[in-house]
>>> print(open('input-v2.pdb').read())   # PDB, C-alpha atoms
ATOM      1  CA  MET A  21       0.000   0.000   0.000
ATOM      2  CA  LYS A  22       2.869   2.350   0.839
ATOM      3  CA  LYS A  23       4.394   1.701  -2.634
ATOM      4  CA  LEU A  24       1.162   2.713  -4.318
ATOM      5  CA  ILE A  25       1.070   5.959  -2.333
ATOM      6  CA  VAL A  26       4.690   6.732  -3.230
ATOM      7  CA  LEU A  27       4.167   5.997  -6.935
ATOM      8  CA  SER A  28       1.037   8.142  -6.957
ATOM      9  CA  ALA A  29       2.981  11.053  -5.484
ATOM     10  CA  VAL A  30       5.768  10.642  -8.072
ATOM     11  CA  PHE A  31       3.385  10.546 -11.044
ATOM     12  CA  GLY A  32       1.522  13.530  -9.593
ATOM     13  CA  ALA A  33       4.746  15.510  -9.378
ATOM     14  CA  LEU A  34       5.679  14.580 -12.957
ATOM     15  CA  PHE A  35       2.277  15.655 -14.183
ATOM     16  CA  LEU A  36       2.492  19.012 -12.445
ATOM     17  CA  THR A  37       5.996  19.554 -13.777
ATOM     18  CA  SER A  38       4.930  18.788 -17.343
ATOM     19  CA  CYS A  39       2.208  21.488 -17.188
ATOM     20  CA  GLU A  40       4.639  24.273 -16.418
ATOM     21  CA  THR A  41       5.850  26.113 -19.512
ATOM     22  CA  GLY A  42       8.334  28.346 -17.769
ATOM     23  CA  THR A  43       6.626  31.485 -19.165
ATOM     24  CA  PRO A  44       4.267  33.694 -17.168
ATOM     25  CA  GLU A  45       0.569  33.682 -17.945
ATOM     26  CA  PRO A  46      -0.419  36.666 -20.113
ATOM     27  CA  ALA A  47      -2.039  39.478 -18.184
ATOM     28  CA  PRO A  48      -5.752  39.819 -18.874
ATOM     29  CA  ALA A  49      -6.628  42.634 -21.252
ATOM     30  CA  THR A  50      -7.754  45.821 -19.571
ATOM     31  CA  TYR A  51     -11.155  47.133 -20.557
ATOM     32  CA  PRO A  52     -10.848  50.865 -21.340
ATOM     33  CA  GLY A  53     -13.440  51.821 -18.745
ATOM     34  CA  ASP A  54     -11.744  49.934 -15.915
ATOM     35  CA  SER A  55      -9.849  53.047 -14.849
ATOM     36  CA  LEU A  56     -13.074  54.968 -14.220
ATOM     37  CA  THR A  57     -14.610  55.160 -10.748
ATOM     38  CA  VAL A  58     -18.265  56.150 -10.620
ATOM     39  CA  THR A  59     -19.549  57.985  -7.549
ATOM     40  CA  GLY A  60     -22.794  59.678  -6.633
ATOM     41  CA  VAL A  61     -21.692  63.008  -8.086
ATOM     42  CA  VAL A  62     -24.436  64.894  -9.924
ATOM     43  CA  ARG A  63     -23.507  67.399 -12.615
ATOM     44  CA  PRO A  64     -26.334  69.717 -13.696
ATOM     45  CA  LEU A  65     -26.863  70.436 -17.367
ATOM     46  CA  VAL A  66     -26.757  74.074 -18.450
ATOM     47  CA  ILE A  67     -27.968  74.641 -22.010
ATOM     48  CA  GLU A  68     -27.426  78.022 -23.596
ATOM     49  CA  THR A  69     -29.514  78.605 -26.700
ATOM     50  CA  THR A  70     -27.533  81.087 -28.752
ATOM     51  CA  GLY A  71     -26.516  82.163 -32.263
ATOM     52  CA  ALA A  72     -23.708  84.046 -33.974
ATOM     53  CA  TRP A  73     -26.354  86.335 -35.521
ATOM     54  CA  CYS A  74     -27.747  87.373 -32.133
ATOM     55  CA  GLN A  75     -26.750  90.886 -31.041
ATOM     56  CA  TYR A  76     -27.206  90.166 -27.331
ATOM     57  CA  CYS A  77     -25.737  86.657 -27.225
ATOM     58  CA  PRO A  78     -22.310  87.832 -25.988
ATOM     59  CA  ASN A  79     -24.160  88.236 -22.675
ATOM     60  CA  GLY A  80     -24.799  84.494 -22.757
ATOM     61  CA  ALA A  81     -21.168  83.725 -23.634
ATOM     62  CA  GLU A  82     -20.076  85.825 -20.665
ATOM     63  CA  ILE A  83     -22.390  83.891 -18.346
ATOM     64  CA  MET A  84     -21.074  80.584 -19.705
ATOM     65  CA  ALA A  85     -17.500  81.726 -19.048
ATOM     66  CA  MET A  86     -18.430  82.604 -15.474
ATOM     67  CA  LEU A  87     -20.126  79.232 -14.895
ATOM     68  CA  ASP A  88     -17.085  77.458 -16.308
ATOM     69  CA  GLY A  89     -14.762  79.515 -14.105
ATOM     70  CA  VAL A  90     -16.755  78.925 -10.917
ATOM     71  CA  LEU A  91     -18.233  75.436 -11.338
ATOM     72  CA  GLY A  92     -15.803  73.916 -13.863
ATOM     73  CA  ASP A  93     -16.217  70.149 -14.279
ATOM     74  CA  SER A  94     -19.081  70.151 -11.763
ATOM     75  CA  VAL A  95     -21.473  71.189 -14.520
ATOM     76  CA  VAL A  96     -22.228  70.080 -18.103
ATOM     77  CA  LEU A  97     -22.194  73.173 -20.331
ATOM     78  CA  VAL A  98     -23.712  72.973 -23.818
ATOM     79  CA  ALA A  99     -24.118  75.896 -26.224
ATOM     80  CA  ASN A 100     -26.846  75.071 -28.716
ATOM     81  CA  HIS A 101     -26.501  77.391 -31.725
ATOM     82  CA  VAL A 102     -29.599  78.054 -33.794
ATOM     83  CA  GLY A 103     -29.814  79.783 -37.157
ATOM     84  CA  ASP A 104     -26.103  79.801 -37.943
ATOM     85  CA  TRP A 105     -23.480  77.550 -39.552
ATOM     86  CA  PHE A 106     -23.074  75.373 -36.447
ATOM     87  CA  SER A 107     -26.702  74.234 -36.659
ATOM     88  CA  THR A 108     -26.584  73.273 -40.351
ATOM     89  CA  ASP A 109     -27.456  69.571 -40.768
ATOM     90  CA  ASN A 110     -27.116  69.238 -36.984
ATOM     91  CA  GLU A 111     -29.833  66.797 -35.933
ATOM     92  CA  ALA A 112     -28.834  66.946 -32.272
ATOM     93  CA  SER A 113     -29.160  70.744 -32.250
ATOM     94  CA  ALA A 114     -32.641  70.543 -33.733
ATOM     95  CA  LYS A 115     -33.757  67.966 -31.161
ATOM     96  CA  PHE A 116     -32.353  70.018 -28.280
ATOM     97  CA  ASP A 117     -34.178  73.064 -29.617
ATOM     98  CA  ASP A 118     -37.463  71.135 -29.647
ATOM     99  CA  ASN A 119     -36.890  69.545 -26.244
ATOM    100  CA  PHE A 120     -35.812  72.797 -24.556
ATOM    101  CA  PRO A 121     -37.933  75.470 -26.277
ATOM    102  CA  THR A 122     -37.221  79.178 -25.853
ATOM    103  CA  SER A 123     -38.942  82.381 -26.911
ATOM    104  CA  GLY A 124     -35.693  84.273 -27.442
ATOM    105  CA  VAL A 125     -31.925  84.081 -27.259
ATOM    106  CA  PRO A 126     -29.688  83.985 -25.354
ATOM    107  CA  ASN A 127     -31.670  81.715 -23.060
ATOM    108  CA  PHE A 128     -30.704  79.107 -20.472
ATOM    109  CA  TYR A 129     -32.050  75.858 -19.132
ATOM    110  CA  VAL A 130     -30.708  74.281 -15.954
ATOM    111  CA  ASN A 131     -31.504  70.596 -16.178
ATOM    112  CA  ASN A 132     -35.159  70.657 -17.296
ATOM    113  CA  THR A 133     -36.172  74.144 -16.204
ATOM    114  CA  ASP A 134     -36.148  77.320 -18.289
ATOM    115  CA  VAL A 135     -34.287  79.904 -16.177
ATOM    116  CA  GLY A 136     -34.177  82.704 -18.740
ATOM    117  CA  GLN A 137     -30.871  84.552 -18.478
ATOM    118  CA  SER A 138     -30.114  83.746 -14.829
ATOM    119  CA  PRO A 139     -28.699  80.196 -14.591
ATOM    120  CA  ALA A 140     -26.018  80.683 -11.902
ATOM    121  CA  THR A 141     -28.068  80.189  -8.721
ATOM    122  CA  ALA A 142     -30.056  77.263 -10.122
ATOM    123  CA  ALA A 143     -26.897  75.553 -11.437
ATOM    124  CA  ALA A 144     -25.089  75.878  -8.099
ATOM    125  CA  ALA A 145     -28.103  74.528  -6.201
ATOM    126  CA  ALA A 146     -28.474  71.606  -8.616
ATOM    127  CA  THR A 147     -24.964  70.357  -7.803
ATOM    128  CA  MET A 148     -26.301  69.396  -4.353
ATOM    129  CA  ALA A 149     -29.237  67.307  -5.594
ATOM    130  CA  GLU A 150     -29.515  63.529  -5.344
ATOM    131  CA  VAL A 151     -29.420  61.476  -8.512
ATOM    132  CA  ALA A 152     -30.415  57.949  -9.538
ATOM    133  CA  PHE A 153     -27.447  57.258 -11.820
ATOM    134  CA  GLY A 154     -23.756  58.081 -11.507
ATOM    135  CA  LEU A 155     -21.747  58.499 -14.701
ATOM    136  CA  GLU A 156     -18.173  58.828 -15.919
ATOM    137  CA  ALA A 157     -16.749  58.418 -19.433
ATOM    138  CA  ASP A 158     -13.518  58.246 -21.368
ATOM    139  CA  ALA A 159     -13.171  59.565 -24.933
ATOM    140  CA  ILE A 160     -10.348  58.452 -27.206
ATOM    141  CA  GLU A 161      -9.554  59.735 -30.696
ATOM    142  CA  GLU A 162      -9.034  56.726 -32.954
ATOM    143  CA  GLY A 163      -8.395  57.398 -36.623
ATOM    144  CA  THR A 164     -11.456  59.003 -38.165
ATOM    145  CA  SER A 165     -13.684  58.596 -35.122
ATOM    146  CA  ILE A 166     -13.904  59.283 -31.419
ATOM    147  CA  THR A 167     -14.703  56.274 -29.248
ATOM    148  CA  VAL A 168     -16.501  56.945 -25.979
ATOM    149  CA  TYR A 169     -16.527  54.448 -23.098
ATOM    150  CA  PRO A 170     -19.307  55.363 -20.639
ATOM    151  CA  ARG A 171     -19.449  53.789 -17.179
ATOM    152  CA  ILE A 172     -22.765  54.018 -15.347
ATOM    153  CA  LYS A 173     -23.672  53.049 -11.782
ATOM    154  CA  VAL A 174     -27.226  52.669 -10.550
ATOM    155  CA  LEU A 175     -27.570  54.601  -7.295
ATOM    156  CA  GLU A 176     -31.302  54.158  -6.765
ATOM    157  CA  THR A 177     -33.441  51.178  -7.791
ATOM    158  CA  LYS A 178     -35.668  52.047 -10.747
ATOM    159  CA  THR A 179     -38.276  49.972 -12.551
ATOM    160  CA  GLU A 180     -40.411  50.537 -15.629
ATOM    161  CA  ASN A 181     -38.758  53.814 -16.678
ATOM    162  CA  ILE A 182     -36.876  54.170 -19.955
ATOM    163  CA  TYR A 183     -33.401  55.654 -19.725
ATOM    164  CA  MET A 184     -31.295  56.602 -22.705
ATOM    165  CA  VAL A 185     -27.574  57.342 -22.858
ATOM    166  CA  GLN A 186     -25.827  59.309 -25.591
ATOM    167  CA  SER A 187     -22.557  61.146 -26.256
ATOM    168  CA  TYR A 188     -22.393  64.534 -27.986
ATOM    169  CA  LEU A 189     -19.424  66.158 -29.677
ATOM    170  CA  LEU A 190     -18.678  69.701 -28.500
ATOM    171  CA  LEU A 191     -16.401  72.191 -30.276
ATOM    172  CA  ASN A 192     -14.279  74.583 -28.226
ATOM    173  CA  GLY A 193     -12.053  77.532 -29.069
ATOM    174  CA  VAL A 194     -13.506  78.275 -32.510
ATOM    175  CA  VAL A 195     -12.376  81.798 -33.405
ATOM    176  CA  ALA A 196     -15.302  84.051 -34.312
ATOM    177  CA  LYS A 197     -14.416  85.288 -37.802
ATOM    178  CA  ASP A 198     -15.323  84.864 -41.470
ATOM    179  CA  TYR A 199     -13.674  81.784 -42.969
ATOM    180  CA  GLY A 200     -15.063  82.307 -46.455
ATOM    181  CA  GLY A 201     -17.227  79.934 -48.443
ATOM    182  CA  GLY A 202     -20.301  80.920 -46.474
ATOM    183  CA  VAL A 203     -18.792  80.068 -43.082
ATOM    184  CA  ASP A 204     -19.025  83.414 -41.296
ATOM    185  CA  LEU A 205     -18.711  82.864 -37.552
ATOM    186  CA  ASN A 206     -18.218  86.491 -36.545
ATOM    187  CA  GLN A 207     -20.295  87.164 -33.440
ATOM    188  CA  ILE A 208     -22.740  89.972 -34.165
ATOM    189  CA  SER A 209     -22.977  92.347 -31.209
ATOM    190  CA  SER A 210     -24.630  95.627 -30.311
ATOM    191  CA  LEU A 211     -23.003  95.548 -26.867
ATOM    192  CA  PRO A 212     -20.055  97.806 -26.023
ATOM    193  CA  LYS A 213     -18.206  94.911 -24.426
ATOM    194  CA  VAL A 214     -17.759  93.168 -27.797
ATOM    195  CA  SER A 215     -16.571  94.510 -31.147
ATOM    196  CA  THR A 216     -17.921  92.534 -34.098
ATOM    197  CA  GLY A 217     -15.221  91.397 -36.475
ATOM    198  CA  SER A 218     -15.042  92.080 -40.170
ATOM    199  CA  GLY A 219     -13.998  89.386 -42.596
ATOM    200  CA  THR A 220     -10.867  87.636 -41.372
ATOM    201  CA  THR A 221     -10.454  90.187 -38.551
ATOM    202  CA  PRO A 222     -12.053  88.303 -35.673
ATOM    203  CA  THR A 223     -14.625  89.459 -33.175
ATOM    204  CA  LYS A 224     -12.978  90.611 -29.917
ATOM    205  CA  TRP A 225     -13.925  91.471 -26.375
ATOM    206  CA  ALA A 226     -13.610  95.264 -26.148
ATOM    207  CA  GLN A 227     -13.922  95.365 -22.357
ATOM    208  CA  ASP A 228     -13.072  93.130 -19.417
ATOM    209  CA  ALA A 229     -15.884  90.638 -18.848
ATOM    210  CA  ALA A 230     -17.045  87.655 -16.780
ATOM    211  CA  GLU A 231     -15.917  89.143 -13.504
ATOM    212  CA  VAL A 232     -15.722  86.742 -10.548
ATOM    213  CA  ALA A 233     -14.731  88.039  -7.108
ATOM    214  CA  GLY A 234     -13.491  91.235  -8.709
ATOM    215  CA  ILE A 235     -11.286  89.440 -11.229
ATOM    216  CA  PRO A 236     -12.257  89.341 -14.942
ATOM    217  CA  LEU A 237     -12.030  85.900 -16.515
ATOM    218  CA  ILE A 238     -12.031  87.621 -19.924
ATOM    219  CA  THR A 239      -9.763  90.610 -20.507
ATOM    220  CA  SER A 240     -10.190  93.410 -23.018
ATOM    221  CA  GLY A 241      -8.686  92.579 -26.408
ATOM    222  CA  THR A 242      -9.243  88.809 -26.069
ATOM    223  CA  ILE A 243     -10.391  87.150 -29.287
ATOM    224  CA  TYR A 244     -14.003  85.989 -29.065
ATOM    225  CA  THR A 245     -14.371  82.207 -29.399
ATOM    226  CA  HIS A 246     -17.342  79.884 -29.660
ATOM    227  CA  ASP A 247     -17.115  77.230 -26.925
ATOM    228  CA  GLU A 248     -19.050  74.143 -25.780
ATOM    229  CA  VAL A 249     -20.834  74.194 -29.147
ATOM    230  CA  LEU A 250     -23.151  71.225 -29.720
ATOM    231  CA  TYR A 251     -21.982  69.877 -33.078
ATOM    232  CA  ASP A 252     -22.808  66.180 -33.463
ATOM    233  CA  HIS A 253     -23.845  63.006 -31.667
ATOM    234  CA  ALA A 254     -22.647  59.407 -31.609
ATOM    235  CA  THR A 255     -24.107  57.595 -34.594
ATOM    236  CA  THR A 256     -23.138  54.035 -33.649
ATOM    237  CA  ALA A 257     -23.185  51.994 -30.449
ATOM    238  CA  VAL A 258     -21.177  48.796 -30.210
ATOM    239  CA  VAL A 259     -22.311  46.339 -27.552
ATOM    240  CA  GLY A 260     -19.558  43.905 -26.592
ATOM    241  CA  TRP A 261     -15.798  44.168 -26.500
ATOM    242  CA  LEU A 262     -13.063  42.966 -28.812
ATOM    243  CA  GLU A 263      -9.959  42.447 -26.681
ATOM    244  CA  SER A 264      -7.760  42.387 -29.783
ATOM    245  CA  SER A 265      -8.034  43.218 -33.451
ATOM    246  CA  ASP A 266      -8.171  39.532 -34.408
ATOM    247  CA  ALA A 267     -10.950  38.623 -31.977
ATOM    248  CA  ALA A 268     -14.163  37.138 -33.342
ATOM    249  CA  THR A 269     -16.463  39.891 -34.590
ATOM    250  CA  SER A 270     -19.458  37.806 -33.510
ATOM    251  CA  ASP A 271     -18.699  38.953 -29.948
ATOM    252  CA  THR A 272     -20.078  42.394 -30.753
ATOM    253  CA  SER A 273     -23.153  43.959 -32.284
ATOM    254  CA  ALA A 274     -23.479  47.449 -33.749
ATOM    255  CA  THR A 275     -26.584  49.627 -33.559
ATOM    256  CA  ALA A 276     -27.324  52.920 -35.297
ATOM    257  CA  LEU A 277     -28.130  55.749 -32.886
ATOM    258  CA  GLY A 278     -30.392  58.766 -33.072
ATOM    259  CA  PRO A 279     -29.812  62.008 -31.154
ATOM    260  CA  TRP A 280     -31.129  60.608 -27.860
ATOM    261  CA  GLY A 281     -28.853  57.570 -28.007
ATOM    262  CA  MET A 282     -29.284  53.995 -26.824
ATOM    263  CA  ASN A 283     -31.783  52.509 -24.406
ATOM    264  CA  LEU A 284     -29.758  51.515 -21.347
ATOM    265  CA  GLY A 285     -32.111  48.566 -21.004
ATOM    266  CA  ASP A 286     -30.546  47.044 -24.129
ATOM    267  CA  ILE A 287     -27.410  46.154 -22.143
ATOM    268  CA  ASN A 288     -29.174  45.467 -18.852
ATOM    269  CA  PRO A 289     -30.006  41.752 -18.374
ATOM    270  CA  LEU A 290     -33.166  42.870 -16.549
ATOM    271  CA  GLY A 291     -34.269  45.246 -19.280
ATOM    272  CA  ASN A 292     -35.717  48.475 -17.899
ATOM    273  CA  ALA A 293     -35.498  47.328 -14.269
ATOM    274  CA  TYR A 294     -32.393  48.739 -12.562
ATOM    275  CA  ALA A 295     -31.088  47.611  -9.176
ATOM    276  CA  ALA A 296     -29.039  49.922  -6.972
ATOM    277  CA  GLY A 297     -25.367  48.974  -7.145
ATOM    278  CA  ASP A 298     -25.393  47.629 -10.698
ATOM    279  CA  ILE A 299     -22.680  48.978 -13.003
ATOM    280  CA  TYR A 300     -22.742  49.112 -16.814
ATOM    281  CA  GLY A 301     -19.793  49.754 -19.085
ATOM    282  CA  THR A 302     -17.472  47.167 -17.566
ATOM    283  CA  ARG A 303     -15.808  44.162 -19.174
ATOM    284  CA  TYR A 304     -18.958  42.226 -18.212
ATOM    285  CA  THR A 305     -21.422  44.763 -19.643
ATOM    286  CA  PRO A 306     -19.288  46.441 -22.314
ATOM    287  CA  PHE A 307     -20.544  49.072 -24.725
ATOM    288  CA  GLN A 308     -19.050  52.056 -26.471
ATOM    289  CA  PHE A 309     -20.168  54.888 -28.722
ATOM    290  CA  HIS A 310     -18.565  56.080 -31.949
ATOM    291  CA  ILE A 311     -18.669  59.703 -33.093
ATOM    292  CA  ASN A 312     -17.414  60.579 -36.549
ATOM    293  CA  LYS A 313     -14.528  63.020 -36.235
ATOM    294  CA  PRO A 314     -15.662  66.086 -38.193
ATOM    295  CA  THR A 315     -13.965  67.482 -41.257
ATOM    296  CA  LEU A 316     -14.073  71.208 -40.527
ATOM    297  CA  PRO A 317     -13.906  73.893 -43.230
ATOM    298  CA  ALA A 318     -10.492  75.242 -44.162
ATOM    299  CA  GLY A 319      -9.101  77.421 -41.403
ATOM    300  CA  VAL A 320     -11.573  76.339 -38.731
ATOM    301  CA  GLU A 321      -9.758  74.883 -35.734
ATOM    302  CA  ALA A 322     -11.357  73.447 -32.615
ATOM    303  CA  ASP A 323     -10.634  71.405 -29.536
ATOM    304  CA  PHE A 324     -12.994  68.480 -29.023
ATOM    305  CA  SER A 325     -14.803  67.459 -25.882
ATOM    306  CA  VAL A 326     -17.658  65.015 -25.381
ATOM    307  CA  ALA A 327     -20.748  65.422 -23.208
ATOM    308  CA  THR A 328     -22.155  62.017 -22.245
ATOM    309  CA  ILE A 329     -25.693  62.277 -20.899
ATOM    310  CA  ILE A 330     -28.334  60.022 -19.348
ATOM    311  CA  TRP A 331     -31.894  60.949 -20.310
ATOM    312  CA  GLU A 332     -35.248  59.730 -18.997
ATOM    313  CA  LEU A 333     -38.209  59.459 -21.343
ATOM    314  CA  ARG A 334     -40.957  61.715 -20.032
ATOM    315  CA  GLN A 335     -44.013  59.893 -18.750
ATOM    316  CA  ASP A 336     -46.489  62.394 -20.229
ATOM    317  CA  GLY A 337     -46.520  60.780 -23.675
ATOM    318  CA  SER A 338     -44.915  63.808 -25.317
ATOM    319  CA  GLY A 339     -41.862  61.865 -26.492
ATOM    320  CA  GLY A 340     -39.617  64.424 -24.773
ATOM    321  CA  TYR A 341     -36.681  63.659 -22.497
ATOM    322  CA  ASP A 342     -35.583  64.874 -19.067
ATOM    323  CA  TYR A 343     -31.945  65.240 -18.116
ATOM    324  CA  ILE A 344     -30.736  62.912 -15.341
ATOM    325  CA  ASN A 345     -26.942  63.196 -15.163
ATOM    326  CA  GLY A 346     -23.929  63.742 -17.379
ATOM    327  CA  VAL A 347     -20.204  64.303 -17.674
ATOM    328  CA  VAL A 348     -17.913  66.221 -20.035
ATOM    329  CA  THR A 349     -14.752  64.453 -21.165
ATOM    330  CA  HIS A 350     -11.855  66.007 -23.034
ATOM    331  CA  VAL A 351     -10.843  63.933 -26.052
ATOM    332  CA  HIS A 352      -7.336  62.453 -25.946
TER
END
>>> encode(input="input-v2.pdb", output="structure tokens")
Amino acid sequence: MKKLIVLSAVFGALFLTSCETGTPEPAPATYPGDSLTVTGVVRPLVIETTGAWCQYCPNGAEIMAMLDGVLGDSVVLVANHVGDWFSTDNEASAKFDDNFPTSGVPNFYVNNTDVGQSPATAAAAATMAEVAFGLEADAIEEGTSITVYPRIKVLETKTENIYMVQSYLLLNGVVAKDYGGGVDLNQISSLPKVSTGSGTTPTKWAQDAAEVAGIPLITSGTIYTHDEVLYDHATTAVVGWLESSDAATSDTSATALGPWGMNLGDINPLGNAYAAGDIYGTRYTPFQFHINKPTLPAGVEADFSVATIIWELRQDGSGGYDYINGVVTHVH
């Protein structure tokens, strides 16, 4: 009996030895969203409806600069241009205009409430609200597109409601001047604080502006730029994750997206029932959005950022959407 035990131990050792290759196991691939940590932070949405043709819209740009200087990444700023080049063939802009109607410009919404031209107090108060979904996102420029990796955490159990998620391309730092070929982005102004440009001479701030605690965030002589401009939306969602370029394409499925994005229930095993603590946008529930990188007219330069937003379908049958939470990510 002792011999059998000894032989069994020897054969076991040989078997274990034969399985060892001498090379370390490859490290598991890292899902792009793994570096993101989602908390309960709420970031209010501030929508400025504006236009380069609007004589009083520099007032709105000044307010946006102040909000950016005071609240920074704690708020999602979106400038929705109407009636100018930025809105041409811009389906997202048209939908925002319908969903957040105004009787004049410049005009502001904070989340889902029209606040006229006074968004600061409402925006600051909204940063203290509770929210049902936490959200972070990464945005990576890849060839001719921008790939966005959202990561969403359910903070409050929800059932029956329809939630959509979408990413929107924002343009920043676009100099307000005439680029020729019908692309005139000079900011019209009847205000003394701004001097409207002429041709290739850009619009400029003629006075200090956006004063916070006695310090102007914009100084006289600064070139006027269009910032946080809503320009496009993700047109494709890919559900699944290819860990390498030679992985089986059957592991993913692509879906065309409209301006309001993808139903979050499409990647939730429980459909439109969401349990507190669940997280989407991980290696186990992977999805990403693709935004076509724009080909801008000659001379037009812009920095890109992406606003990723969670919407809730309104229960009144109107087909409209309410803002829930969002995040702005700088493209890298």
>>> resolve_selection(input="input-v2.pdb", expression="the PyMOL selection byres ((chain A and resi 162) around 10)", output="ChimeraX atom specification")
/A:159-161,163-167,310,312-313,352
>>> residues_around(input="input-v2.pdb", residues="Ala81 in chain A", least_positions_apart="4", cutoff="12 Å", atoms="all atoms listed in the file", output="NGL selection string")
:A and (67-72 or 74-77 or 85-88 or 97-101 or 125-128 or 137 or 207 or 209 or 213-214 or 225 or 229-230 or 237-238 or 244-249)
>>> resolve_selection(input="input-v2.pdb", expression="the PyMOL selection byres ((chain A and resi 188) around 9)", output="ChimeraX atom specification")
/A:112,186-187,189-190,250-254,279,311,325-329
>>> residues_around(input="input-v2.pdb", residues="Thr223 in chain A", least_positions_apart="4", cutoff="7 Å", atoms="only C-alpha atoms", output="short mmCIF file (atom, residue, chain, number, x, y, z; two decimals) with C-alpha atoms, in the frame of the given file")
data_model
loop_
_atom_site.label_atom_id
_atom_site.label_comp_id
_atom_site.auth_asym_id
_atom_site.auth_seq_id
_atom_site.Cartn_x
_atom_site.Cartn_y
_atom_site.Cartn_z
CA ALA A 196 -15.30 84.05 -34.31
CA LYS A 197 -14.42 85.29 -37.80
CA ASN A 206 -18.22 86.49 -36.54
CA GLN A 207 -20.30 87.16 -33.44
CA SER A 215 -16.57 94.51 -31.15
CA THR A 216 -17.92 92.53 -34.10
CA GLY A 217 -15.22 91.40 -36.48
CA ILE A 243 -10.39 87.15 -29.29
CA TYR A 244 -14.00 85.99 -29.06
#
>>> atom_distance(input="input-v2.pdb", atom1="CA of Ala257 in chain A", atom2="CA of Asp104 in chain A")
28.9 Å
>>> closest_residue(input="input-v2.pdb", among="A:Val195, A:Ile330, A:Met148, A:Ser210", to="Lys224 in chain A", atoms="only C-alpha atoms")
A:Val195
>>> atom_distance(input="input-v2.pdb", atom1="CA of Ala145 in chain A", atom2="CA of Val96 in chain A")
14.0 Å
>>> atom_distance(input="input-v2.pdb", atom1="CA of Ser138 in chain A", atom2="CA of Met84 in chain A")
10.7 Å
